[in-house]
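J.: Quick one: the structure is below, and I'll ask about it shortly.
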Amino acid sequence: MIRAVWLIVRKDVTVEVRSRELAYTTVFFAISCVLVFAFSLVQEGRAAPGVGPGVLWMAIMFAGNLALGRTFERERQSETLRALMLVPAPRPAVYLGKLAGIVVLLTLTEIVLVPLVALLFQAELLSHPFWLAAVVLAGTFGFASVGTLFAAMLVRARSRDVLLPVLLYPITVPVLIAGVRATVAIAQPDFDADIVRFWFALLVAFDVVFLTLALWTFEPVMTD
Amino acid sequence: MPKWFQPATLVCGLMFAATPFVIASAPYESTMGLVQKVFYYHMPSAWMFLGSSIVCGIASVRFLASGDARHDRTALAAAEMAVLFGLLTLVTGPLWARKAWGTWWVWDARVTSSLVGWMIAWAYLILRQYGGPGSEKLAAGLALFGMANVPFIYISVNYWRTIHPATTVVPKLPFSMGFPLIFCLAAFTLLLVLLMKLRMRVAEQQSRLDSLYLSLDEQR
Amino acid sequence: MTSVDFEEVSAEDVSRHFGRRRAVSRMTFRATRGMILGLLGPNGAGKSTLLAMLATLLRPSSGTIRYGTFGLSGGAALRARIGVLGHDLFLYPELTARENLAFFAGLYGIADGDGRARAALERAGLETRGDDPVASFSRGMRQRVALERALIHDPRLALLDEPFTGLDDASSGALLRRLRTLRESGAIVILATHDLDLAEGLLDHALFLREGRIVESVVTPGGLRSTYRSVIGR
């Protein structure tokens with residue numbers, strides 16, 4: 001199982017290092033999102049106070065949706081996802097491998113996004129870097145764990161491009177709320193660790209519950 | 001006479017009696033005025049919305065676990081009911097809120113959770129409609145996730161300050177207002193059950209028709 | 001993982017429908033070791049659906065498929081004994097042929113993946129192109145890599161969907177030889193094709209399919225084309 005997960009992650013990384021398509025498009029798309037938000041929210045040379053965290057999470061979720069769609073489009077091109085379902089490894093290994101790849105890709109995107117948002121929206125995001133990293137990672141993981149399952153199961157469906165955000169965004173509302181609230185608390189001058197801890201705990205609970213559910217549902221939803 | 005005719009007549013009678021007789025005879029609430037009466041529709045719809053969502057979630061889990069198409073038909077019918085009653089809830093809610101809180105829309109915990117839940121129910125139907133063959137399994141997965149999500153949505157949204165009247169006000173209502181409310185709750189429950197049954201019958205007949213069609217094909 | 005092995009594959013009264021469309025209708029047949037079974041028929045005859053069911057990717061709506069004493073519940077251990085060449089080749093275009101082969105060898109739990117990949121490249125006649133990305137290959141070369149990918153774990157049951165697509169005469173000849181070796185090594189080969197000329201003389205058993213049904217079943221067939229014309233038309 002672990003070996004299969006590792007092989008799939010390594011394969012995804014090799015493909016990505018060679019084409020760089022996903023990394024470039026996702027990062028650039030995230031930057032474009034931030035710019036669109038900046039032009040709509042910055043007035044008279046100043047960003048409205050407190051919008052930075054919201055912009056950060058919106059950019060993560062939009063870029064994440066795009067990245068999820070593209071990764072599985074790649075597995076669909078020559079039906080390699082079917083080939084992965086045929087190997088004797090346990091099927092959830094395929095899910096875990098794809099999930100790990102998505103999380104790595106989104107983390108890379110966030111490394112670009114966080115300083116950019118902090119700069120353009122005058123948000124003090126980096127005053128508590130460890131908390132920020134923990135919150136962003138937990139949120140990304142929760143978003144990706146639901147997203148990977150949905151994107152995988154939509155590979156066979158018609159109009160999957162539109163269906164993915166339609167299904168994914170309502171389900172990941174708690175991630176958005178908790179992520180934004182925690183980031184707002186981190187960026188505040190009078191830092192309140194209790195608030196951050198509460199939202200972080202909620203994110204971790206979300207991650208645990210939905211990862212478990214996804215591992216359980218992957219096999220039944222993928223076999224027809 | 002089809003066998004659902006009598007229950008249907010009963011439910012229609014109850015529903016038609018609700019507005020002109022029971023609700024009209026309830027006392028006029030002085031601060032809220034006439035708008036208060038929308039509450040007799042709002043709360044029962046909200047409960048039916050919640051109930052059908054739960055039914056949809058449970059039926060979906062059973063369908064995923066067993067692959068039995070009967071559970072899938074229940075889930076589909078319940079999801080349609082959830083969208084219907086959710087819409088009623090979300091339309092009547094702002095009417096009440098405008099008078100009670102002074103704004104059409106508040107980002108209150110229950111309002112927001114209902115909105116998100118309603119969107120999930122709708123996403124479920126969209127997926128089944130446009131997902132192509134095999135989408136009923138996928139929709140069941142979505143319903144399971146939607147159900148598991150309820151506590152998370154509720155807790156996270158709850159931190160945005162709640163101004164919804166607590167459910168505990170209901171037993172404290174005077175009888176003259178409590179009776180119409182309970183009457184409406186009962187009528188709405190029966191309406192939900194009836195609509196569910198009819199919808200499941202349609203789905204069942206559809207699948208019977210499909211299998212007849214297939215067996216016809218066989219004999220050719 | 002317990003190992004699974006079987007002498008024969010059998011389908012009994014197998015049907016699969018999608019909504020009202022019956023893709024496969026009450027098919028019954030058997031294939032034993034050392035045998036090449038051909039599924040012949042026009043597009044939409046149900047060949048691919050049948051192969052997907054034999055590959056455990058689709059469940060039959062009714063009827064049973066058995067692999068010796070095992071049913072579809074054989075799970076991962078059963079999948080380890082089945083090799084599938086899909087119509088869409090199942091290869092990553094960005095990876096080299098060698099990487100594709102080694103990746104799948106690893107997933108099939110083969111210890112010496114690189115060695116196995118090298119041997120497979122040799123059989124495909126692509127030793128010199130092994131380190132080029134599959135995207136740069138011609139359709140015929142890809143087809144050869146895809147076939148070796150499908151057979152990388154020496155499956156007992158090989159399911160091949162249109163293996164002759166895009167092959168020139170020389171490659172087709174090589175493929176025919178490869179399939180005969182496979183038969184001699186005791187594999188069960190089931191292949192779907194509409195290329196009757198190439199299938200002529202290769203098959204031990206031919207099933208002619210039309211609109212999801214077996215319309216004719218011929219053992220050690222000859223004159224495939226005339227049979228095809230009489231049972232399927234055109």
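Note on naming: chains are A, B, ... as they come in the structure tokens, residues start from 1 per chain, ligands start from 1 in the order shown.
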Sorted by chain and rising residue number, list the residues of chain C at most 8 Å from chain B (counting only C-alpha atoms), each with its closest atom pair and distance in Å to one decimal, as a tab-separated table.

T.:
residue	atom	partner	partner_atom	distance
C:Phe18	CA	B:Pro133	CA	6.6
C:Gly19	CA	B:Asp210	CA	7.1
C:Arg20	CA	B:Asp210	CA	5.7
C:Arg21	CA	B:Leu214	CA	7.7
C:Arg22	CA	B:Leu214	CA	6.9
C:Ser25	CA	B:Glu218	CA	7.5

J.: Next, dump the selected residues to file, keeping only C-alpha atoms, as a short mmCIF file (atom, residue, chain, number, x, y, z; two decimals), in the first residue's frame.

T.:
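Result written to out39.cif:
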data_model
loop_
_atom_site.label_atom_id
_atom_site.label_comp_id
_atom_site.auth_asym_id
_atom_site.auth_seq_id
_atom_site.Cartn_x
_atom_site.Cartn_y
_atom_site.Cartn_z
CA PHE C 18 -26.65 1.30 -18.98
CA GLY C 19 -30.09 2.69 -18.29
CA ARG C 20 -32.16 1.31 -21.13
CA ARG C 21 -29.26 0.54 -23.38
CA ARG C 22 -28.25 -3.07 -23.24
CA SER C 25 -26.92 -9.27 -23.54
#

J.: Excluding Arg158 (chain A) and residues on its chain fewer than 6 positions from it, collect all residues at most 12 Å away from it, counting only C-alpha atoms, and give them as a list in words.

T.: Leu164 of chain A; Ile126, Leu127, Arg128, Gln129, Tyr130, Gly131, Gly132, Pro133, Gly134 and Ser135 of chain B

J.: Step one, run DSSP on the backbone; step two, keep only residues of region 37-159 of chain C assigned to helix (DSSP H, G or I); then write them as a ChimeraX atom specification.

T.: /C:47-54,72-79,97-107,113-124,127-129,134-136,139-150

J.: Would you save the residues from that selection as a PDB file, in the first residue's frame, using C-alpha atoms?

T.:
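For reference, selection_23.pdb as written:
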ATOM      1  CA  LYS C  47     -16.779  -5.923 -27.143  1.00  0.00           C
ATOM      2  CA  SER C  48     -15.318  -3.217 -24.926  1.00  0.00           C
ATOM      3  CA  THR C  49     -18.031  -3.534 -22.287  1.00  0.00           C
ATOM      4  CA  LEU C  50     -17.451  -7.268 -22.142  1.00  0.00           C
ATOM      5  CA  LEU C  51     -13.701  -6.782 -21.784  1.00  0.00           C
ATOM      6  CA  ALA C  52     -14.255  -4.198 -19.021  1.00  0.00           C
ATOM      7  CA  MET C  53     -16.380  -6.727 -17.137  1.00  0.00           C
ATOM      8  CA  LEU C  54     -13.781  -9.462 -17.564  1.00  0.00           C
ATOM      9  CA  LEU C  72     -15.403 -11.275  -9.090  1.00  0.00           C
ATOM     10  CA  SER C  73     -14.784 -10.946  -5.364  1.00  0.00           C
ATOM     11  CA  GLY C  74     -11.217 -12.167  -5.897  1.00  0.00           C
ATOM     12  CA  GLY C  75     -10.263  -8.503  -5.476  1.00  0.00           C
ATOM     13  CA  ALA C  76      -6.664  -7.394  -5.594  1.00  0.00           C
ATOM     14  CA  ALA C  77      -5.241 -10.911  -5.844  1.00  0.00           C
ATOM     15  CA  LEU C  78      -7.405 -11.550  -8.885  1.00  0.00           C
ATOM     16  CA  ARG C  79      -6.431  -8.252 -10.495  1.00  0.00           C
ATOM     17  CA  ALA C  97       8.747   4.007 -22.285  1.00  0.00           C
ATOM     18  CA  ARG C  98      11.099   2.611 -19.645  1.00  0.00           C
ATOM     19  CA  GLU C  99       9.550   4.727 -16.872  1.00  0.00           C
ATOM     20  CA  ASN C 100       6.038   3.711 -17.877  1.00  0.00           C
ATOM     21  CA  LEU C 101       6.975   0.047 -17.790  1.00  0.00           C
ATOM     22  CA  ALA C 102       8.908   0.289 -14.523  1.00  0.00           C
ATOM     23  CA  PHE C 103       6.092   2.275 -12.874  1.00  0.00           C
ATOM     24  CA  PHE C 104       3.497  -0.363 -13.638  1.00  0.00           C
ATOM     25  CA  ALA C 105       5.900  -3.181 -12.796  1.00  0.00           C
ATOM     26  CA  GLY C 106       6.274  -1.580  -9.380  1.00  0.00           C
ATOM     27  CA  LEU C 107       2.521  -1.291  -8.907  1.00  0.00           C
ATOM     28  CA  GLY C 113      11.062  -3.430 -12.038  1.00  0.00           C
ATOM     29  CA  ASP C 114      13.970  -2.052 -14.069  1.00  0.00           C
ATOM     30  CA  GLY C 115      15.069  -5.485 -15.224  1.00  0.00           C
ATOM     31  CA  ARG C 116      11.538  -6.350 -16.191  1.00  0.00           C
ATOM     32  CA  ALA C 117      11.188  -3.063 -18.067  1.00  0.00           C
ATOM     33  CA  ARG C 118      14.406  -3.753 -19.986  1.00  0.00           C
ATOM     34  CA  ALA C 119      13.199  -7.194 -21.040  1.00  0.00           C
ATOM     35  CA  ALA C 120       9.849  -5.732 -22.080  1.00  0.00           C
ATOM     36  CA  LEU C 121      11.526  -3.053 -24.178  1.00  0.00           C
ATOM     37  CA  GLU C 122      13.541  -5.739 -25.922  1.00  0.00           C
ATOM     38  CA  ARG C 123      10.402  -7.672 -26.745  1.00  0.00           C
ATOM     39  CA  ALA C 124       8.817  -4.503 -28.091  1.00  0.00           C
ATOM     40  CA  GLU C 127      15.710  -0.917 -26.784  1.00  0.00           C
ATOM     41  CA  THR C 128      17.165   2.152 -28.446  1.00  0.00           C
ATOM     42  CA  ARG C 129      14.126   4.351 -27.884  1.00  0.00           C
ATOM     43  CA  VAL C 134       6.104   8.080 -25.165  1.00  0.00           C
ATOM     44  CA  ALA C 135       4.648  11.308 -26.583  1.00  0.00           C
ATOM     45  CA  SER C 136       7.356  11.252 -29.279  1.00  0.00           C
ATOM     46  CA  ARG C 139       1.019   5.130 -32.821  1.00  0.00           C
ATOM     47  CA  GLY C 140       2.495   1.739 -33.685  1.00  0.00           C
ATOM     48  CA  MET C 141       5.389   2.128 -31.251  1.00  0.00           C
ATOM     49  CA  ARG C 142       3.040   3.224 -28.502  1.00  0.00           C
ATOM     50  CA  GLN C 143       0.857   0.239 -29.195  1.00  0.00           C
ATOM     51  CA  ARG C 144       3.854  -2.068 -28.766  1.00  0.00           C
ATOM     52  CA  VAL C 145       4.840  -0.426 -25.455  1.00  0.00           C
ATOM     53  CA  ALA C 146       1.227  -0.576 -24.293  1.00  0.00           C
ATOM     54  CA  LEU C 147       1.058  -4.293 -25.039  1.00  0.00           C
ATOM     55  CA  GLU C 148       4.223  -4.963 -23.052  1.00  0.00           C
ATOM     56  CA  ARG C 149       2.849  -2.809 -20.233  1.00  0.00           C
ATOM     57  CA  ALA C 150      -0.280  -4.926 -20.154  1.00  0.00           C
TER      58      ALA C 150
END

J.: Using only C-alpha atoms, select each residue of chain B with any atom at most 12 Å away from an atom of chain A, and give the selection as a ChimeraX atom specification.

T.: /B:60-67,112-160

J.: Tell me the residues of chain A close to chain C, meaning within 7 Å using only C-alpha atoms, as number ranges by chain.

T.: A: 4, 7, 15, 78-80, 83, 86-90, 223-224

J.: Could the residues in this selection be written to a file with all heavy atoms, as a compact mmCIF listing (two decimals), in the first residue's frame?

T.:
# COMPACT_ATOMS: atom_id res chain seq x y z
N ALA A 4 2.80 1.57 -3.15
CA ALA A 4 1.99 2.02 -4.28
C ALA A 4 1.76 3.52 -4.22
O ALA A 4 1.87 4.24 -5.22
CB ALA A 4 0.66 1.28 -4.30
N LEU A 7 4.93 5.21 -5.25
CA LEU A 7 5.16 5.12 -6.70
C LEU A 7 4.30 6.13 -7.46
O LEU A 7 4.76 6.78 -8.40
CB LEU A 7 4.85 3.71 -7.19
CG LEU A 7 5.90 2.65 -6.92
CD1 LEU A 7 5.34 1.26 -7.20
CD2 LEU A 7 7.14 2.89 -7.75
N VAL A 15 6.30 13.46 -13.90
CA VAL A 15 5.53 14.03 -15.01
C VAL A 15 5.53 15.54 -14.90
O VAL A 15 5.74 16.27 -15.88
CB VAL A 15 4.09 13.48 -15.00
CG1 VAL A 15 3.22 14.25 -15.98
CG2 VAL A 15 4.08 12.01 -15.35
N SER A 78 -5.16 9.17 -21.52
CA SER A 78 -5.10 7.84 -22.11
C SER A 78 -5.62 6.82 -21.11
O SER A 78 -5.10 5.73 -20.98
CB SER A 78 -3.70 7.51 -22.61
OG SER A 78 -2.74 7.93 -21.71
N GLU A 79 -6.66 7.25 -20.39
CA GLU A 79 -7.38 6.35 -19.48
C GLU A 79 -6.47 5.69 -18.45
O GLU A 79 -6.72 4.58 -18.01
CB GLU A 79 -8.12 5.26 -20.27
CG GLU A 79 -9.27 5.80 -21.12
CD GLU A 79 -10.55 5.99 -20.34
OE1 GLU A 79 -10.49 5.99 -19.10
OE2 GLU A 79 -11.60 6.18 -20.97
N THR A 80 -5.41 6.40 -18.05
CA THR A 80 -4.49 5.77 -17.11
C THR A 80 -5.13 5.55 -15.75
O THR A 80 -4.68 4.69 -15.00
CB THR A 80 -3.23 6.63 -16.95
OG1 THR A 80 -3.62 7.99 -16.93
CG2 THR A 80 -2.28 6.38 -18.09
N ALA A 83 -6.17 2.18 -15.70
CA ALA A 83 -5.03 1.29 -15.51
C ALA A 83 -4.66 1.23 -14.02
O ALA A 83 -4.33 0.16 -13.50
CB ALA A 83 -3.84 1.77 -16.33
N LEU A 86 -6.76 -1.02 -12.11
CA LEU A 86 -6.57 -2.44 -12.43
C LEU A 86 -5.41 -3.07 -11.66
O LEU A 86 -5.31 -4.29 -11.59
CB LEU A 86 -6.31 -2.59 -13.93
CG LEU A 86 -7.53 -2.49 -14.82
CD1 LEU A 86 -7.12 -2.32 -16.27
CD2 LEU A 86 -8.39 -3.73 -14.66
N VAL A 87 -4.52 -2.28 -11.12
CA VAL A 87 -3.36 -2.88 -10.46
C VAL A 87 -3.79 -3.50 -9.13
O VAL A 87 -4.80 -3.11 -8.55
CB VAL A 87 -2.23 -1.86 -10.24
CG1 VAL A 87 -1.79 -1.25 -11.56
CG2 VAL A 87 -2.63 -0.79 -9.26
N PRO A 88 -3.03 -4.48 -8.67
CA PRO A 88 -3.46 -5.20 -7.47
C PRO A 88 -3.30 -4.43 -6.16
O PRO A 88 -3.70 -4.95 -5.12
CB PRO A 88 -2.59 -6.46 -7.47
CG PRO A 88 -1.42 -6.13 -8.32
CD PRO A 88 -1.88 -5.14 -9.31
N ALA A 89 -2.74 -3.24 -6.19
CA ALA A 89 -2.64 -2.46 -4.94
C ALA A 89 -4.05 -2.11 -4.47
O ALA A 89 -4.96 -2.01 -5.27
CB ALA A 89 -1.85 -1.19 -5.19
N PRO A 90 -4.23 -1.91 -3.14
CA PRO A 90 -5.55 -1.50 -2.67
C PRO A 90 -5.96 -0.18 -3.33
O PRO A 90 -5.13 0.71 -3.49
CB PRO A 90 -5.35 -1.30 -1.16
CG PRO A 90 -4.05 -1.86 -0.82
CD PRO A 90 -3.26 -2.04 -2.06
N THR A 223 -16.06 1.92 -8.60
CA THR A 223 -16.44 0.74 -9.36
C THR A 223 -17.88 0.88 -9.79
O THR A 223 -18.72 1.30 -9.02
CB THR A 223 -16.29 -0.55 -8.53
OG1 THR A 223 -16.81 -0.29 -7.24
CG2 THR A 223 -14.85 -0.99 -8.44
N ASP A 224 -18.12 0.50 -11.01
CA ASP A 224 -19.43 0.77 -11.58
C ASP A 224 -20.26 -0.49 -11.68
O ASP A 224 -19.81 -1.47 -12.20
CB ASP A 224 -19.22 1.39 -12.96
CG ASP A 224 -20.49 2.07 -13.43
OD1 ASP A 224 -21.42 2.18 -12.61
OD2 ASP A 224 -20.54 2.47 -14.59

J.: Please give the complete set of residues from region 35-212 of chain A that DSSP, run on the backbone, assigns to strand (DSSP E), formatted as a list of chain:residue names.

T.: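 Filtering region 35-212 of chain A to strand (DSSP E) leaves A:Val42, A:Gln43, A:Arg46, A:Ala47.
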
J.: Please produce a file of the residues just selected, as a PDB file, in the first residue's frame, where the atoms kept are N, CA, C and O atoms.

T.:
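Output contents, as saved in selection.pdb:
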ATOM      1  N   VAL A  42      -9.218  47.175  -3.837  1.00  0.00           N
ATOM      2  CA  VAL A  42      -8.355  48.285  -3.432  1.00  0.00           C
ATOM      3  C   VAL A  42      -8.949  49.572  -3.978  1.00  0.00           C
ATOM      4  O   VAL A  42      -9.198  49.686  -5.174  1.00  0.00           O
ATOM      5  N   GLN A  43      -9.221  50.499  -3.057  1.00  0.00           N
ATOM      6  CA  GLN A  43      -9.782  51.771  -3.498  1.00  0.00           C
ATOM      7  C   GLN A  43      -8.922  52.908  -2.971  1.00  0.00           C
ATOM      8  O   GLN A  43      -8.498  52.873  -1.820  1.00  0.00           O
ATOM      9  N   ARG A  46      -5.660  52.106  -1.269  1.00  0.00           N
ATOM     10  CA  ARG A  46      -5.602  51.351  -0.016  1.00  0.00           C
ATOM     11  C   ARG A  46      -6.551  50.161  -0.087  1.00  0.00           C
ATOM     12  O   ARG A  46      -7.670  50.293  -0.558  1.00  0.00           O
ATOM     13  N   ALA A  47      -6.094  49.023   0.414  1.00  0.00           N
ATOM     14  CA  ALA A  47      -6.978  47.870   0.489  1.00  0.00           C
ATOM     15  C   ALA A  47      -7.920  48.070   1.661  1.00  0.00           C
ATOM     16  O   ALA A  47      -7.533  48.632   2.683  1.00  0.00           O
TER      17      ALA A  47
END

J.: If you count only C-alpha atoms, which residues fall within 8 Å of region 33-46 of chain C, apart from same-chain ones fewer than 5 positions away, as number ranges by chain?

T.: C: 7-8, 23-24, 182-194, 196, 199, 202-213, 228, 232

J.: Would you mind exporting the chosen residues as an mmCIF file, in the first residue's frame, restricted to C-alpha atoms?

T.:
data_model
loop_
_atom_site.group_PDB
_atom_site.id
_atom_site.type_symbol
_atom_site.label_atom_id
_atom_site.label_comp_id
_atom_site.auth_asym_id
_atom_site.auth_seq_id
_atom_site.Cartn_x
_atom_site.Cartn_y
_atom_site.Cartn_z
ATOM 1 C CA GLU C 7 -7.363 -22.708 -15.650
ATOM 2 C CA GLU C 8 -10.286 -21.071 -17.372
ATOM 3 C CA ALA C 23 -24.556 -3.124 -24.017
ATOM 4 C CA VAL C 24 -24.061 -6.836 -23.401
ATOM 5 C CA LEU C 182 1.661 -16.118 -25.002
ATOM 6 C CA ARG C 183 -0.674 -18.967 -25.918
ATOM 7 C CA GLU C 184 2.141 -21.496 -25.706
ATOM 8 C CA SER C 185 3.113 -20.205 -22.256
ATOM 9 C CA GLY C 186 -0.353 -21.166 -21.027
ATOM 10 C CA ALA C 187 -2.085 -17.816 -20.911
ATOM 11 C CA ILE C 188 -5.720 -17.222 -21.742
ATOM 12 C CA VAL C 189 -5.901 -14.542 -24.415
ATOM 13 C CA ILE C 190 -9.129 -12.754 -25.204
ATOM 14 C CA LEU C 191 -8.899 -10.127 -27.900
ATOM 15 C CA ALA C 192 -11.437 -7.862 -29.514
ATOM 16 C CA THR C 193 -10.801 -6.802 -33.066
ATOM 17 C CA HIS C 194 -12.484 -5.939 -36.283
ATOM 18 C CA LEU C 196 -10.504 -10.098 -39.753
ATOM 19 C CA ALA C 199 -7.237 -12.589 -36.879
ATOM 20 C CA LEU C 202 -4.715 -16.911 -35.144
ATOM 21 C CA LEU C 203 -7.878 -17.612 -33.202
ATOM 22 C CA ASP C 204 -8.773 -20.891 -31.566
ATOM 23 C CA HIS C 205 -12.304 -19.766 -31.010
ATOM 24 C CA ALA C 206 -14.234 -16.862 -32.454
ATOM 25 C CA LEU C 207 -17.339 -15.197 -31.104
ATOM 26 C CA PHE C 208 -19.228 -12.966 -33.504
ATOM 27 C CA LEU C 209 -21.002 -10.182 -31.686
ATOM 28 C CA ARG C 210 -23.750 -7.891 -32.821
ATOM 29 C CA GLU C 211 -25.766 -5.434 -30.748
ATOM 30 C CA GLY C 212 -24.577 -6.926 -27.502
ATOM 31 C CA ARG C 213 -25.302 -10.550 -28.401
ATOM 32 C CA TYR C 228 -18.721 -12.423 -40.614
ATOM 33 C CA ILE C 232 -23.350 -9.693 -39.314
#

J.: Using CA of Gly64 (chain A) and CA of Trp216 (chain A) as the two end points, give the distance in Å to one decimal.

T.: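 Between these atoms lies a distance of 22.8 Å.
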
J.: Please indicate the distance in Å from CA of Ile23 (chain B) to CA of Thr89 (chain B), rounded to one decimal place.

T.: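 Taking CA of Ile23 (chain B) and CA of Thr89 (chain B), their separation equals 17.5 Å.
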
J.: Could you list, as a list in words, every residue within 8 Å of Leu215 (chain A), counting only C-alpha atoms and ignoring same-chain residues fewer than 3 positions away?

T.: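 Answer for this query is Pro92, Tyr95, Leu211, Thr212, Phe218 and Glu219 of chain A.
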
J.: Quick check, in Å to one decimal: how far apart do CA of Leu126 (chain C) and CA of Glu21 (chain A) lie?

T.: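 Atom-to-atom, CA of Leu126 (chain C) to CA of Glu21 (chain A), that is 27.9 Å.
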